[in-house]
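Here is my_file.csv, consisting of CSV, N, CA and C atoms:
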chain,number,residue,atom,x,y,z
A,584,MET,N,99.7,81.0,127.7
A,584,MET,CA,100.6,81.3,126.7
A,584,MET,C,100.3,82.6,126.1
A,585,SER,N,101.3,83.4,125.8
A,585,SER,CA,101.0,84.7,125.3
A,585,SER,C,100.7,84.6,123.7
A,586,PRO,N,100.1,85.6,123.2
A,586,PRO,CA,99.8,85.6,121.7
A,586,PRO,C,101.1,85.5,120.9
A,587,PHE,N,102.2,86.1,121.4
A,587,PHE,CA,103.5,86.0,120.7
A,587,PHE,C,104.0,84.6,120.7
A,588,GLU,N,103.9,83.9,121.8
A,588,GLU,CA,104.4,82.6,121.8
A,588,GLU,C,103.6,81.7,120.9
A,589,ALA,N,102.3,81.9,120.9
A,589,ALA,CA,101.4,81.1,120.0
A,589,ALA,C,101.7,81.4,118.5
A,590,LEU,N,102.0,82.7,118.2
A,590,LEU,CA,102.3,83.0,116.8
A,590,LEU,C,103.7,82.5,116.3
A,591,ALA,N,104.5,82.1,117.2
A,591,ALA,CA,105.9,81.6,116.9
A,591,ALA,C,105.9,80.4,116.0
A,592,GLU,N,104.8,79.6,116.1
A,592,GLU,CA,104.7,78.3,115.4
A,592,GLU,C,104.1,78.5,114.0
A,593,PRO,N,104.7,78.1,112.9
A,593,PRO,CA,104.2,78.4,111.6
A,593,PRO,C,102.8,77.8,111.3
A,594,ASN,N,102.5,76.6,111.8
A,594,ASN,CA,101.2,76.0,111.5
A,594,ASN,C,100.1,76.9,112.2
A,595,ARG,N,100.4,77.4,113.3
A,595,ARG,CA,99.4,78.3,114.0
A,595,ARG,C,99.1,79.5,113.2
A,596,ARG,N,100.2,80.1,112.6
A,596,ARG,CA,100.0,81.3,111.8
A,596,ARG,C,99.2,80.9,110.5
A,597,ARG,N,99.4,79.7,110.0
A,597,ARG,CA,98.7,79.3,108.8
A,597,ARG,C,97.2,79.1,109.2
A,598,ILE,N,96.9,78.6,110.4
A,598,ILE,CA,95.5,78.5,110.8
A,598,ILE,C,94.9,79.8,110.9
A,599,LEU,N,95.6,80.8,111.5
A,599,LEU,CA,95.1,82.1,111.6
A,599,LEU,C,94.8,82.7,110.2
A,600,ASP,N,95.7,82.5,109.3
A,600,ASP,CA,95.5,83.0,107.9
A,600,ASP,C,94.3,82.4,107.3
A,601,ALA,N,94.0,81.1,107.6
A,601,ALA,CA,92.8,80.5,107.0
A,601,ALA,C,91.6,81.0,107.6
A,602,LEU,N,91.6,81.5,108.9
A,602,LEU,CA,90.4,82.0,109.6
A,602,LEU,C,90.1,83.4,109.2
A,603,VAL,N,91.0,84.1,108.5
A,603,VAL,CA,90.8,85.5,108.1
A,603,VAL,C,89.5,85.6,107.3
A,604,THR,N,89.2,84.5,106.5
A,604,THR,CA,88.0,84.6,105.6
A,604,THR,C,86.7,84.2,106.4
A,605,GLY,N,86.8,83.8,107.6
A,605,GLY,CA,85.6,83.5,108.4
A,605,GLY,C,85.7,82.2,109.2
A,606,GLU,N,84.6,81.8,109.8
A,606,GLU,CA,84.6,80.7,110.6
A,606,GLU,C,84.9,79.4,109.8
A,607,ARG,N,85.6,78.5,110.5
A,607,ARG,CA,85.8,77.2,109.9
A,607,ARG,C,85.9,76.1,111.0
A,608,ALA,N,85.5,74.9,110.6
A,608,ALA,CA,85.5,73.8,111.5
A,608,ALA,C,87.0,73.2,111.5
A,609,ALA,N,87.3,72.6,112.6
A,609,ALA,CA,88.7,72.0,112.7
A,609,ALA,C,89.0,71.1,111.6
A,610,GLY,N,88.0,70.3,111.2
A,610,GLY,CA,88.3,69.3,110.1
A,610,GLY,C,88.5,70.0,108.8
A,611,GLU,N,87.8,71.1,108.5
A,611,GLU,CA,88.1,71.9,107.3
A,611,GLU,C,89.5,72.5,107.3
A,612,LEU,N,89.9,73.0,108.5
A,612,LEU,CA,91.2,73.5,108.6
A,612,LEU,C,92.3,72.5,108.3
A,613,GLY,N,92.1,71.3,108.9
A,613,GLY,CA,93.0,70.2,108.7
A,613,GLY,C,93.2,69.9,107.2
A,614,GLU,N,92.0,69.7,106.5
A,614,GLU,CA,92.0,69.4,105.1
A,614,GLU,C,92.7,70.5,104.3
A,615,ALA,N,92.3,71.7,104.5
A,615,ALA,CA,92.9,72.9,103.7
A,615,ALA,C,94.4,73.1,103.9
A,616,LEU,N,94.8,72.8,105.1
A,616,LEU,CA,96.2,73.0,105.4
A,616,LEU,C,97.1,71.8,105.5
A,617,SER,N,96.5,70.6,105.2
A,617,SER,CA,97.2,69.3,105.3
A,617,SER,C,97.9,69.1,106.6
A,618,ILE,N,97.1,69.3,107.6
A,618,ILE,CA,97.5,69.1,109.0
A,618,ILE,C,96.6,68.0,109.6
A,619,SER,N,97.1,67.0,110.3
A,619,SER,CA,96.3,66.0,110.9
A,619,SER,C,95.3,66.6,111.9
A,620,GLN,N,94.2,65.8,112.0
A,620,GLN,CA,93.1,66.3,113.0
A,620,GLN,C,93.7,66.5,114.4
A,621,PRO,N,94.5,65.6,114.9
A,621,PRO,CA,95.0,65.8,116.3
A,621,PRO,C,95.9,67.1,116.3
A,622,GLY,N,96.7,67.3,115.2
A,622,GLY,CA,97.6,68.4,115.1
A,622,GLY,C,96.8,69.7,115.1
A,623,VAL,N,95.7,69.8,114.3
A,623,VAL,CA,94.9,71.0,114.2
A,623,VAL,C,94.2,71.2,115.6
A,624,SER,N,93.7,70.2,116.2
A,624,SER,CA,93.1,70.4,117.6
A,624,SER,C,94.1,70.9,118.6
A,625,LYS,N,95.3,70.4,118.5
A,625,LYS,CA,96.4,70.9,119.5
A,625,LYS,C,96.6,72.4,119.2
A,626,HIS,N,96.8,72.7,118.0
A,626,HIS,CA,97.1,74.1,117.6
A,626,HIS,C,95.9,75.0,118.0
A,627,LEU,N,94.7,74.6,117.7
A,627,LEU,CA,93.5,75.4,118.0
A,627,LEU,C,93.4,75.6,119.6
A,628,LYS,N,93.7,74.6,120.3
A,628,LYS,CA,93.7,74.7,121.8
A,628,LYS,C,94.7,75.8,122.2
A,629,ILE,N,95.9,75.8,121.7
A,629,ILE,CA,96.9,76.8,122.1
A,629,ILE,C,96.4,78.2,121.6
A,630,LEU,N,95.9,78.3,120.4
A,630,LEU,CA,95.5,79.6,119.9
A,630,LEU,C,94.3,80.1,120.7
A,631,LYS,N,93.5,79.2,121.2
A,631,LYS,CA,92.3,79.6,122.0
A,631,LYS,C,92.8,80.1,123.4
A,632,ALA,N,93.8,79.4,124.0
A,632,ALA,CA,94.3,79.7,125.3
A,632,ALA,C,95.1,81.1,125.2
A,633,ALA,N,95.7,81.4,124.0
A,633,ALA,CA,96.4,82.6,123.9
A,633,ALA,C,95.4,83.8,123.5
A,634,GLY,N,94.1,83.5,123.4
A,634,GLY,CA,93.2,84.5,123.1
A,634,GLY,C,93.1,84.9,121.6
A,635,LEU,N,93.6,84.1,120.7
A,635,LEU,CA,93.7,84.5,119.3
A,635,LEU,C,92.5,83.9,118.5
A,636,VAL,N,91.8,82.9,119.0
A,636,VAL,CA,90.6,82.4,118.4
A,636,VAL,C,89.5,82.1,119.4
A,637,GLN,N,88.3,82.1,118.9
A,637,GLN,CA,87.2,81.7,119.7
A,637,GLN,C,86.5,80.5,119.0
A,638,ALA,N,85.8,79.8,119.8
A,638,ALA,CA,85.1,78.6,119.3
A,638,ALA,C,83.6,78.7,119.7
A,639,ARG,N,82.7,78.2,118.9
A,639,ARG,CA,81.3,78.1,119.2
A,639,ARG,C,80.8,76.7,118.7
A,640,ALA,N,79.9,76.2,119.4
A,640,ALA,CA,79.3,74.9,119.1
A,640,ALA,C,78.3,75.1,117.9
A,641,ASP,N,78.3,74.2,117.0
A,641,ASP,CA,77.3,74.2,115.9
A,641,ASP,C,76.9,72.7,115.7
A,642,GLY,N,76.0,72.3,116.5
A,642,GLY,CA,75.6,70.9,116.6
A,642,GLY,C,76.7,70.1,117.3
A,643,GLN,N,77.3,69.1,116.6
A,643,GLN,CA,78.3,68.3,117.2
A,643,GLN,C,79.7,68.8,116.8
A,644,ARG,N,79.8,69.8,116.0
A,644,ARG,CA,81.1,70.3,115.6
A,644,ARG,C,81.3,71.7,116.2
A,645,ARG,N,82.6,72.1,116.3
A,645,ARG,CA,82.9,73.4,116.8
A,645,ARG,C,83.5,74.3,115.6
A,646,LEU,N,83.0,75.5,115.6
A,646,LEU,CA,83.5,76.4,114.6
A,646,LEU,C,84.4,77.4,115.2
A,647,TYR,N,85.5,77.7,114.6
A,647,TYR,CA,86.6,78.6,115.1
A,647,TYR,C,86.6,79.8,114.3
A,648,ARG,N,86.9,80.9,114.9
A,648,ARG,CA,87.0,82.2,114.3
A,648,ARG,C,88.1,83.0,115.0
A,649,LEU,N,88.6,84.1,114.3
A,649,LEU,CA,89.6,84.9,115.0
A,649,LEU,C,88.9,85.7,116.1
A,650,ASP,N,89.7,86.0,117.1
A,650,ASP,CA,89.3,86.8,118.3
A,650,ASP,C,90.1,88.1,118.2
A,651,PRO,N,89.5,89.2,117.8
A,651,PRO,CA,90.3,90.4,117.6
A,651,PRO,C,90.9,90.9,118.9
A,652,ARG,N,90.3,90.6,120.1
A,652,ARG,CA,90.9,91.0,121.3
A,652,ARG,C,92.3,90.4,121.6
A,653,GLY,N,92.5,89.2,121.2
A,653,GLY,CA,93.8,88.6,121.3
A,653,GLY,C,94.9,89.3,120.5
A,654,MET,N,94.5,89.7,119.3
A,654,MET,CA,95.4,90.4,118.4
A,654,MET,C,95.7,91.8,118.9
A,655,ALA,N,94.9,92.4,119.7
A,655,ALA,CA,95.1,93.8,120.2
A,655,ALA,C,96.5,93.9,120.9
A,656,GLU,N,96.9,92.9,121.6
A,656,GLU,CA,98.2,93.0,122.3
A,656,GLU,C,99.3,93.1,121.3
A,657,CYS,N,99.2,92.3,120.2
A,657,CYS,CA,100.2,92.2,119.1
A,657,CYS,C,100.2,93.6,118.4
A,658,PHE,N,99.0,94.1,118.1
A,658,PHE,CA,99.0,95.4,117.4
A,658,PHE,C,99.5,96.5,118.2
A,659,ALA,N,99.3,96.5,119.5
A,659,ALA,CA,99.8,97.5,120.4
A,659,ALA,C,101.3,97.5,120.4
A,660,TRP,N,101.9,96.3,120.5
A,660,TRP,CA,103.3,96.2,120.5
A,660,TRP,C,103.9,96.6,119.1
A,661,LEU,N,103.3,96.3,118.1
A,661,LEU,CA,103.8,96.6,116.7
A,661,LEU,C,103.7,98.1,116.4
A,662,GLN,N,102.8,98.8,117.0
A,662,GLN,CA,102.5,100.2,116.6
A,662,GLN,C,103.8,101.1,116.6
A,663,PRO,N,104.6,101.1,117.6
A,663,PRO,CA,105.8,102.0,117.6
A,663,PRO,C,106.7,101.5,116.4
A,664,HIS,N,106.8,100.3,116.1
A,664,HIS,CA,107.6,99.8,115.1
A,664,HIS,C,107.1,100.2,113.7
A,665,ARG,N,105.8,100.2,113.6
A,665,ARG,CA,105.2,100.7,112.3
A,665,ARG,C,105.5,102.1,112.1
A,666,ARG,N,105.4,102.9,113.1
A,666,ARG,CA,105.8,104.3,113.0
A,666,ARG,C,107.2,104.5,112.6
A,667,PHE,N,108.1,103.7,113.2
A,667,PHE,CA,109.5,103.8,112.9
A,667,PHE,C,109.8,103.5,111.4
A,668,TRP,N,109.2,102.4,110.9
A,668,TRP,CA,109.4,102.1,109.5
A,668,TRP,C,108.7,103.0,108.6
A,669,ALA,N,107.5,103.5,108.9
A,669,ALA,CA,106.8,104.4,108.1
A,669,ALA,C,107.7,105.7,107.9
A,670,ASP,N,108.3,106.2,109.0
A,670,ASP,CA,109.1,107.4,108.9
A,670,ASP,C,110.3,107.1,108.0
A,671,ARG,N,110.9,106.0,108.2
A,671,ARG,CA,112.1,105.6,107.4
A,671,ARG,C,111.8,105.5,105.9
A,672,LEU,N,110.7,104.9,105.6
A,672,LEU,CA,110.3,104.7,104.2
A,672,LEU,C,109.9,106.0,103.6
A,673,SER,N,109.3,106.9,104.3
A,673,SER,CA,108.9,108.2,103.8
A,673,SER,C,110.2,109.0,103.5
A,674,ALA,N,111.2,108.9,104.4
A,674,ALA,CA,112.5,109.6,104.2
A,674,ALA,C,113.1,109.0,102.9
A,675,LEU,N,113.1,107.7,102.7
A,675,LEU,CA,113.7,107.1,101.5
A,675,LEU,C,113.0,107.5,100.3
A,676,GLU,N,111.7,107.6,100.3
A,676,GLU,CA,110.9,108.0,99.2
A,676,GLU,C,111.3,109.5,98.8
A,677,GLY,N,111.4,110.3,99.8
A,677,GLY,CA,111.8,111.7,99.6
A,677,GLY,C,113.1,111.8,99.0
A,678,HIS,N,114.0,111.0,99.5
A,678,HIS,CA,115.4,111.0,98.9
A,678,HIS,C,115.4,110.6,97.5
A,679,LEU,N,114.7,109.5,97.2
A,679,LEU,CA,114.7,109.0,95.8
A,679,LEU,C,114.0,110.0,94.8
A,680,GLU,N,113.0,110.7,95.3
A,680,GLU,CA,112.4,111.7,94.5
A,680,GLU,C,113.3,112.9,94.2
A,681,ARG,N,114.1,113.3,95.2
A,681,ARG,CA,115.1,114.3,95.0
A,681,ARG,C,116.2,113.9,94.0
A,682,GLU,N,116.5,112.6,94.0
A,682,GLU,CA,117.6,112.1,93.1
A,682,GLU,C,117.2,112.1,91.7
A,683,GLN,N,115.9,112.0,91.4
A,683,GLN,CA,115.4,111.9,90.0
A,683,GLN,C,115.4,113.3,89.5

Can you present the structure in this file as structure tokens?
Amino acid sequence: MSPFEALAEPNRRRILDALVTGERAAGELGEALSISQPGVSKHLKILKAAGLVQARADGQRRLYRLDPRGMAECFAWLQPHRRFWADRLSALEGHLEREQ
């Protein structure tokens, strides 16, 4: 699955948002996001397959964290769009300043 396909599901985006602050166990994610344990596990498996998260063993539990390599594809795709909007917003700002 591509990172974009994985990001299409809202709960997966919520999981990624929760991982921005650092590593978390699947159980912690489920509690914080009110998602069942099987649901969190399913989403984490998809996010891992898409290269968006990494897992490491910590005793009997697994800790998940963001994988910046997986997001690189998304950032690369977004870059031309960011430039497009930055140029447009700069032009709008200039226009508004001239109107004042």

Output as a tab-separated table one row per residue of region 612-680 of chain A within 6.5 Å of region 586-608 of chain A: the closest atom pair and its distance in Å to one decimal place, counting only N, CA and C atoms, sorted by chain and residue number ascending.
residue	atom	partner	partner_atom	distance
A:Leu612	N	A:Ala608	C	4.2
A:Gly613	N	A:Ala608	C	6.0
A:His626	CA	A:Arg595	CA	6.0
A:Ile629	C	A:Ala589	CA	6.0
A:Leu630	CA	A:Ala589	CA	6.1
A:Ala633	CA	A:Pro586	N	4.8
A:Gly634	N	A:Pro586	CA	6.3
A:Leu635	N	A:Pro586	CA	6.5
A:Arg645	C	A:Ala608	CA	4.6
A:Leu646	CA	A:Arg607	C	4.3
A:Tyr647	N	A:Arg607	C	4.0
A:Arg648	CA	A:Glu606	CA	4.7
A:Leu649	N	A:Leu602	C	5.4
A:Gly653	C	A:Pro586	CA	6.3

Problem - Every residue of chain A that DSSP places in helix (DSSP H, G or I), as a PyMOL selection string - result: chain A and resi 586-590+593-602+609-616+620-632+651-682

Problem - Counting only C-alpha atoms, the option among A:Ser585, A:Arg681, A:Ala638, A:Leu675 closest to Met654 (chain A) - result: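 Going through A:Ser585, A:Arg681, A:Ala638, A:Leu675 one by one, the smallest distance to Met654 (chain A) is for A:Ser585.
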
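Of note, atom N of Lys625 (chain A) and CA of Arg644 (chain A) are spaced 14.5 Å apart.
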